[in-house]
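Take a look at the structure below.
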Amino acid sequence: MQLAEIIAQIENVAPLCAAAPWDMSGMQVAARRTEIQHLALCLDPTPQSLAAAVALGATLVLSHHPLALKPRLPAQLDSYHAALSLLFQHDVALYAAHTSLDANPEGCVSWLAQELGLTEKKILEPTSQGYGFGLCGNCPPCTLEGLLTSLKQHVHLGTATLSGSCPTRIQRIAYCTGSGASLINAAKAAGADIFITGDVKYHAALEAEVCVLDVGHHSLEEEMMRRFAALLAPRLAAVRVSFIPSQSPFTHVS
């Protein structure tokens, strides 16, 4: 299958017009090949994930996070240099669907809303043309313990933390995959009983006027990319599609 055809299918779900202005969604590293037999998806384009993709025979890698948010020279022997070396050596292209995927409420970012049965959904931070960041919706009434039990079926909560006042009854849930602390106030304004996201810093947690469940940056987006792979597989019938799993860089200290 031609590279351009695959990118068209990716951008049907993660349109570049939806990406944030500061983002680097899109082609990260070009390759000479134009015919693709194997697409591998991963959350981060680390040397480990790229090496795993190459070992499987991938000829194109689709990551969520970009290789870098700002262009820079490979002037040091670091992970950036190692990633580039792998891609160049094996003539493998790298494409990133970052905020272009995050901002499409009808795309893979909606997987948690579907699993939690959210209705009457609204975008927390609308941008344009129906795109935006974060979702909020009504859920079947539950306790915090019940919500955590449901979440554990889909994401790892080993390093999760709670802040703010925890509700005794939850009827409306907001969430933002990745780093969504900037949307805490928007979640409160949307009437959420709890806001699920990652990377919440101390002062944001201290000042939160809504219960915030920080599940880490990795868990929600890892599952999102796994589902992106499952979504693309039937659309790219002539191409093998693989998902490269990864581990959070954080571990729980008991």
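By order of appearance in the structure tokens: chains A, B, ..., then residues from 1 within every chain, and ligands from 1 in the order shown.
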
*Within 9 Å of Thr159 of chain A, counting only C-alpha atoms, which residues show up once you throw out same-chain ones fewer than 6 positions away? Write them as a ChimeraX atom specification, please.*
/A:214-216,250-253

*When DSSP works through the backbone of this structure, what residues of segment 20-241 of chain A end up as helix (DSSP H, G or I), shown as a VMD selection string?*
chain A and resid 47 to 55 79 to 90 99 to 102 108 to 115 144 to 151 181 to 189 202 to 207 217 to 235

*Would you please extract all strand (DSSP E) residues from segment 11-242 of chain A, as assigned by DSSP on the backbone, and give them as a PyMOL selection string?*
chain A and resi 26-29+38-42+60-63+93-96+119-126+132-142+161-163+170-179+194-198+211-214+240-242

*Name the residues in contact with segment 66-82 of chain A at a cut-off of 6 Å, using only C-alpha atoms, excluding same-chain residues fewer than 2 positions from it; report them as a ChimeraX atom specification.*
/A:24,84-85,96

Would you put the residues from that selection into a file with N, CA and C atoms, as a PDB file, in the first residue's frame?
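Result file follows (out_5.pdb):
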```pdb
ATOM      1  N   MET A  24       3.935  19.393  16.719  1.00  0.00           N
ATOM      2  CA  MET A  24       4.697  18.913  15.567  1.00  0.00           C
ATOM      3  C   MET A  24       4.084  17.617  15.030  1.00  0.00           C
ATOM      4  N   LEU A  84      16.909   8.393  15.501  1.00  0.00           N
ATOM      5  CA  LEU A  84      17.196   8.762  14.113  1.00  0.00           C
ATOM      6  C   LEU A  84      18.065   7.702  13.431  1.00  0.00           C
ATOM      7  N   SER A  85      19.061   7.218  14.137  1.00  0.00           N
ATOM      8  CA  SER A  85      19.956   6.208  13.568  1.00  0.00           C
ATOM      9  C   SER A  85      19.190   4.956  13.149  1.00  0.00           C
ATOM     10  N   ALA A  96       3.808  11.171  13.369  1.00  0.00           N
ATOM     11  CA  ALA A  96       3.224  11.368  14.699  1.00  0.00           C
ATOM     12  C   ALA A  96       1.834  11.983  14.594  1.00  0.00           C
TER      13      ALA A  96
END
```

*asked:* Set the distance at 9 Å and use only C-alpha atoms: which residues neighbour segment 131-146 of chain A once local chain neighbours fewer than 3 positions away are removed? I'd like the list as an MDAnalysis selection string.
replied: chainID A and resid 18 99 102:106 109:110 113 116:128 149:151 166:177 180 183 187 190:192 194:195
